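Colleague: Shown below is the structure under consideration.
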Amino acid sequence: MKPDIKGLEKLAVHLRTVPTKEFDMETWITDTPCGTSACIAGHAALLFPERFKRKIVNKDNGYTSYSVVHRKSGISGSEGFGKAFNLTPEDAENLTIWGFYQTPKQAAAAVTKLVKKLKLGMAGKK
């Protein structure tokens, strides 16, 4: 199955619009009284609710934290993220690595870099 280039491009565009305060690579998705913060996979889940479901993992003092689960497979984490975009486990892990990207712009650049790599790989197979 081919990687979902269009979906990844849409995710990169979305990430470029995310305020820094709404981006946190240490949590999938956390709803707080002042907004939502999420990692790359968490923002993908918010952007593509048909691909992901959220599972509450903690509720405390007005904060609700969620894990992200791939709807079709029921798999969570980087593997579930990878399944949603037809990525290799390595590519999915590289995008969802805990704490690696500090800003949404860095995350968007990483997604864009992966898209370029995938496009080159697909062009080489023709």
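Here, A, B, ... name the chains of the structure tokens in the order displayed, residue numbers run from 1 inside each chain, and ligands are numbered from 1 in the same displayed order.
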Using only C-alpha atoms, I'd like a table of the residues in range 34-124 of chain A that come within 10 Å of range 9-28 of chain A; for each, show the closest atom pair and its distance in Å rounded to one decimal, ordered by chain and ascending number, as JSON lines.

Modeller:
```
{"residue": "A:Cys34", "atom": "CA", "partner": "A:Glu22", "partner_atom": "CA", "distance": 9.7}
{"residue": "A:Gly35", "atom": "CA", "partner": "A:Glu22", "partner_atom": "CA", "distance": 7.1}
{"residue": "A:Thr36", "atom": "CA", "partner": "A:Glu22", "partner_atom": "CA", "distance": 5.8}
{"residue": "A:Ser37", "atom": "CA", "partner": "A:Glu22", "partner_atom": "CA", "distance": 4.0}
{"residue": "A:Ala38", "atom": "CA", "partner": "A:Phe23", "partner_atom": "CA", "distance": 5.0}
{"residue": "A:Cys39", "atom": "CA", "partner": "A:Met25", "partner_atom": "CA", "distance": 4.4}
{"residue": "A:Ile40", "atom": "CA", "partner": "A:Met25", "partner_atom": "CA", "distance": 7.0}
{"residue": "A:Ala41", "atom": "CA", "partner": "A:Trp28", "partner_atom": "CA", "distance": 6.5}
{"residue": "A:Gly42", "atom": "CA", "partner": "A:Trp28", "partner_atom": "CA", "distance": 4.7}
{"residue": "A:His43", "atom": "CA", "partner": "A:Leu15", "partner_atom": "CA", "distance": 7.6}
{"residue": "A:Ala44", "atom": "CA", "partner": "A:Leu11", "partner_atom": "CA", "distance": 6.3}
{"residue": "A:Ala45", "atom": "CA", "partner": "A:Trp28", "partner_atom": "CA", "distance": 9.0}
{"residue": "A:Leu47", "atom": "CA", "partner": "A:Leu11", "partner_atom": "CA", "distance": 7.4}
{"residue": "A:Phe48", "atom": "CA", "partner": "A:Leu11", "partner_atom": "CA", "distance": 9.0}
{"residue": "A:Arg54", "atom": "CA", "partner": "A:Trp28", "partner_atom": "CA", "distance": 9.3}
{"residue": "A:Ser65", "atom": "CA", "partner": "A:Trp28", "partner_atom": "CA", "distance": 7.6}
{"residue": "A:Tyr66", "atom": "CA", "partner": "A:Trp28", "partner_atom": "CA", "distance": 6.3}
{"residue": "A:Ser67", "atom": "CA", "partner": "A:Trp28", "partner_atom": "CA", "distance": 5.7}
{"residue": "A:Val68", "atom": "CA", "partner": "A:Trp28", "partner_atom": "CA", "distance": 6.5}
{"residue": "A:Gly77", "atom": "CA", "partner": "A:Trp28", "partner_atom": "CA", "distance": 8.7}
{"residue": "A:Leu95", "atom": "CA", "partner": "A:Met25", "partner_atom": "CA", "distance": 10.0}
{"residue": "A:Thr96", "atom": "CA", "partner": "A:Met25", "partner_atom": "CA", "distance": 7.7}
{"residue": "A:Ile97", "atom": "CA", "partner": "A:Met25", "partner_atom": "CA", "distance": 7.7}
{"residue": "A:Trp98", "atom": "CA", "partner": "A:Met25", "partner_atom": "CA", "distance": 5.6}
{"residue": "A:Gly99", "atom": "CA", "partner": "A:Met25", "partner_atom": "CA", "distance": 4.7}
{"residue": "A:Phe100", "atom": "CA", "partner": "A:Met25", "partner_atom": "CA", "distance": 6.9}
{"residue": "A:Tyr101", "atom": "CA", "partner": "A:Met25", "partner_atom": "CA", "distance": 6.5}
{"residue": "A:Gln102", "atom": "CA", "partner": "A:Met25", "partner_atom": "CA", "distance": 7.1}
{"residue": "A:Thr103", "atom": "CA", "partner": "A:Thr20", "partner_atom": "CA", "distance": 5.8}
{"residue": "A:Pro104", "atom": "CA", "partner": "A:Leu15", "partner_atom": "CA", "distance": 5.4}
{"residue": "A:Lys105", "atom": "CA", "partner": "A:Arg16", "partner_atom": "CA", "distance": 5.3}
{"residue": "A:Gln106", "atom": "CA", "partner": "A:Arg16", "partner_atom": "CA", "distance": 8.7}
{"residue": "A:Ala107", "atom": "CA", "partner": "A:Leu15", "partner_atom": "CA", "distance": 7.0}
{"residue": "A:Ala108", "atom": "CA", "partner": "A:Ala12", "partner_atom": "CA", "distance": 4.5}
{"residue": "A:Ala109", "atom": "CA", "partner": "A:Ala12", "partner_atom": "CA", "distance": 7.3}
{"residue": "A:Ala110", "atom": "CA", "partner": "A:Ala12", "partner_atom": "CA", "distance": 8.4}
{"residue": "A:Val111", "atom": "CA", "partner": "A:Ala12", "partner_atom": "CA", "distance": 5.8}
{"residue": "A:Thr112", "atom": "CA", "partner": "A:Ala12", "partner_atom": "CA", "distance": 6.2}
{"residue": "A:Lys113", "atom": "CA", "partner": "A:Ala12", "partner_atom": "CA", "distance": 9.8}
{"residue": "A:Leu114", "atom": "CA", "partner": "A:Glu9", "partner_atom": "CA", "distance": 9.7}
{"residue": "A:Val115", "atom": "CA", "partner": "A:Glu9", "partner_atom": "CA", "distance": 7.1}
{"residue": "A:Lys116", "atom": "CA", "partner": "A:Glu9", "partner_atom": "CA", "distance": 9.9}
```

Colleague: Would you put the residues from that selection into a file with N, CA and C atoms, as a compact mmCIF listing (two decimals), in the first residue's frame?

Modeller:
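Written file, selection23.txt:
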```txt
# COMPACT_ATOMS: atom_id res chain seq x y z
N CYS A 34 -7.56 26.21 28.91
CA CYS A 34 -7.19 27.30 27.99
C CYS A 34 -6.88 26.81 26.57
N GLY A 35 -7.17 25.57 26.24
CA GLY A 35 -6.95 25.10 24.87
C GLY A 35 -6.46 23.67 24.84
N THR A 36 -6.13 23.21 23.65
CA THR A 36 -5.69 21.84 23.45
C THR A 36 -4.23 21.84 23.02
N SER A 37 -3.46 20.93 23.59
CA SER A 37 -2.07 20.77 23.21
C SER A 37 -1.90 19.34 22.72
N ALA A 38 -1.11 19.16 21.68
CA ALA A 38 -0.95 17.81 21.13
C ALA A 38 0.37 17.70 20.38
N CYS A 39 0.82 16.46 20.21
CA CYS A 39 2.01 16.17 19.43
C CYS A 39 1.62 16.02 17.95
N ILE A 40 2.55 15.60 17.12
CA ILE A 40 2.26 15.41 15.70
C ILE A 40 1.10 14.44 15.51
N ALA A 41 1.16 13.29 16.18
CA ALA A 41 0.08 12.29 16.05
C ALA A 41 -1.23 12.82 16.63
N GLY A 42 -1.15 13.56 17.71
CA GLY A 42 -2.36 14.13 18.29
C GLY A 42 -3.02 15.13 17.36
N HIS A 43 -2.22 15.96 16.70
CA HIS A 43 -2.79 16.90 15.73
C HIS A 43 -3.34 16.14 14.52
N ALA A 44 -2.69 15.05 14.14
CA ALA A 44 -3.23 14.22 13.05
C ALA A 44 -4.60 13.67 13.45
N ALA A 45 -4.73 13.25 14.70
CA ALA A 45 -6.01 12.71 15.18
C ALA A 45 -7.09 13.77 15.17
N LEU A 47 -7.13 16.37 13.15
CA LEU A 47 -7.33 16.72 11.75
C LEU A 47 -8.07 15.62 10.98
N PHE A 48 -7.83 14.36 11.35
CA PHE A 48 -8.41 13.21 10.65
C PHE A 48 -9.19 12.33 11.63
N ARG A 54 -9.90 8.93 20.05
CA ARG A 54 -9.19 9.30 21.26
C ARG A 54 -9.68 8.45 22.42
N SER A 65 -6.33 14.01 29.39
CA SER A 65 -5.29 13.51 28.49
C SER A 65 -5.80 12.28 27.76
N TYR A 66 -5.42 12.18 26.49
CA TYR A 66 -5.89 11.10 25.63
C TYR A 66 -4.71 10.35 25.00
N SER A 67 -4.93 9.10 24.71
CA SER A 67 -4.05 8.40 23.78
C SER A 67 -4.76 8.41 22.43
N VAL A 68 -4.02 8.12 21.39
CA VAL A 68 -4.56 8.13 20.04
C VAL A 68 -4.55 6.70 19.50
N GLY A 77 -0.25 4.54 19.54
CA GLY A 77 1.15 4.91 19.46
C GLY A 77 1.63 5.16 18.05
N LEU A 95 8.74 10.38 13.20
CA LEU A 95 7.87 11.55 13.33
C LEU A 95 7.28 11.68 14.72
N THR A 96 7.08 10.58 15.40
CA THR A 96 6.36 10.64 16.67
C THR A 96 7.27 10.47 17.88
N ILE A 97 8.57 10.52 17.68
CA ILE A 97 9.51 10.33 18.78
C ILE A 97 9.26 11.36 19.88
N TRP A 98 9.19 10.88 21.09
CA TRP A 98 8.83 11.69 22.25
C TRP A 98 9.81 12.84 22.48
N GLY A 99 9.28 14.05 22.51
CA GLY A 99 10.06 15.21 22.86
C GLY A 99 11.06 15.72 21.84
N PHE A 100 11.10 15.13 20.66
CA PHE A 100 12.15 15.49 19.69
C PHE A 100 11.93 16.86 19.05
N TYR A 101 10.73 17.11 18.55
CA TYR A 101 10.44 18.39 17.89
C TYR A 101 9.91 19.37 18.94
N GLN A 102 10.49 20.55 18.98
CA GLN A 102 10.13 21.52 20.02
C GLN A 102 9.01 22.47 19.59
N THR A 103 8.84 22.66 18.28
CA THR A 103 7.83 23.60 17.81
C THR A 103 7.01 22.95 16.69
N PRO A 104 5.81 23.47 16.46
CA PRO A 104 5.02 22.93 15.35
C PRO A 104 5.68 23.16 13.99
N LYS A 105 6.44 24.24 13.86
CA LYS A 105 7.13 24.50 12.58
C LYS A 105 8.22 23.44 12.34
N GLN A 106 8.93 23.03 13.39
CA GLN A 106 9.91 21.95 13.25
C GLN A 106 9.21 20.65 12.87
N ALA A 107 8.06 20.41 13.47
CA ALA A 107 7.29 19.20 13.15
C ALA A 107 6.82 19.23 11.70
N ALA A 108 6.32 20.39 11.27
CA ALA A 108 5.87 20.53 9.88
C ALA A 108 7.02 20.28 8.92
N ALA A 109 8.20 20.81 9.25
CA ALA A 109 9.37 20.60 8.40
C ALA A 109 9.74 19.12 8.34
N ALA A 110 9.62 18.41 9.46
CA ALA A 110 9.92 16.97 9.47
C ALA A 110 8.93 16.18 8.61
N VAL A 111 7.66 16.54 8.68
CA VAL A 111 6.65 15.87 7.85
C VAL A 111 6.93 16.16 6.37
N THR A 112 7.25 17.42 6.05
CA THR A 112 7.55 17.80 4.67
C THR A 112 8.79 17.06 4.16
N LYS A 113 9.79 16.92 5.00
CA LYS A 113 11.00 16.18 4.62
C LYS A 113 10.67 14.72 4.33
N LEU A 114 9.82 14.12 5.15
CA LEU A 114 9.40 12.74 4.90
C LEU A 114 8.63 12.63 3.59
N VAL A 115 7.75 13.58 3.32
CA VAL A 115 6.99 13.57 2.06
C VAL A 115 7.94 13.60 0.87
N LYS A 116 8.95 14.45 0.92
CA LYS A 116 9.93 14.52 -0.17
C LYS A 116 10.65 13.19 -0.35
```

Colleague: For Glu79 in chain A, please output as a list in words all residues within 8 Å (counting only C-alpha atoms; exclusion window: fewer than 3 positions along the same chain).

Modeller: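 Close residues of Glu79 in chain A: Ile75, Ser76, Gly82, Lys83, Pro89, Ala92 and Glu93 of chain A.
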
Colleague: What does the distance between CA of Asn86 in chain A and CA of Ile5 in chain A come to in Å, to one decimal place?

Modeller: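 So the two atoms, CA of Asn86 in chain A and CA of Ile5 in chain A, lie 9.3 Å apart.
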
Colleague: I'd like the interatomic distance between CA of Val69 in chain A and CA of Asp31 in chain A, to a tenth of an Å.

Modeller: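 Separation of CA of Val69 in chain A and CA of Asp31 in chain A: 16.7 Å.
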
Colleague: Do you have the CA of Thr32 in chain A-CA of Arg71 in chain A distance handy?

Modeller: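 Computing the Euclidean distance for CA of Thr32 in chain A and CA of Arg71 in chain A yields 24.2 Å.
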
Colleague: Go through A:Leu118, A:Leu46, A:Val57, A:Ile29 and flag the residue nearest Leu87 in chain A, using only C-alpha atoms for the distances.

Modeller: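 For Leu87 in chain A, the nearest of the given residues is A:Leu118.
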
Colleague: Determine which residues of range 2-108 of chain A DSSP labels as strand (DSSP E or B) from the backbone of this structure, then write them out as an MDAnalysis selection string.

Modeller: chainID A and resid 23 29:32 35:38 52:60 63:70 76

Colleague: With only C-alpha atoms as the basis for distance, which of A:Ala84, A:Lys6, A:Leu120, A:Thr64 is at the shortest distance from Pro49 in chain A?

Modeller: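 For Pro49 in chain A, the nearest of the given residues is A:Ala84.
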
Colleague: Go through chain A and collect every residue that DSSP, computed from the backbone, puts in helix (DSSP H, G or I); the answer should be as a PyMOL selection string.

Modeller: chain A and resi 5-17+20-22+40-47+77-85+89-96+104-124
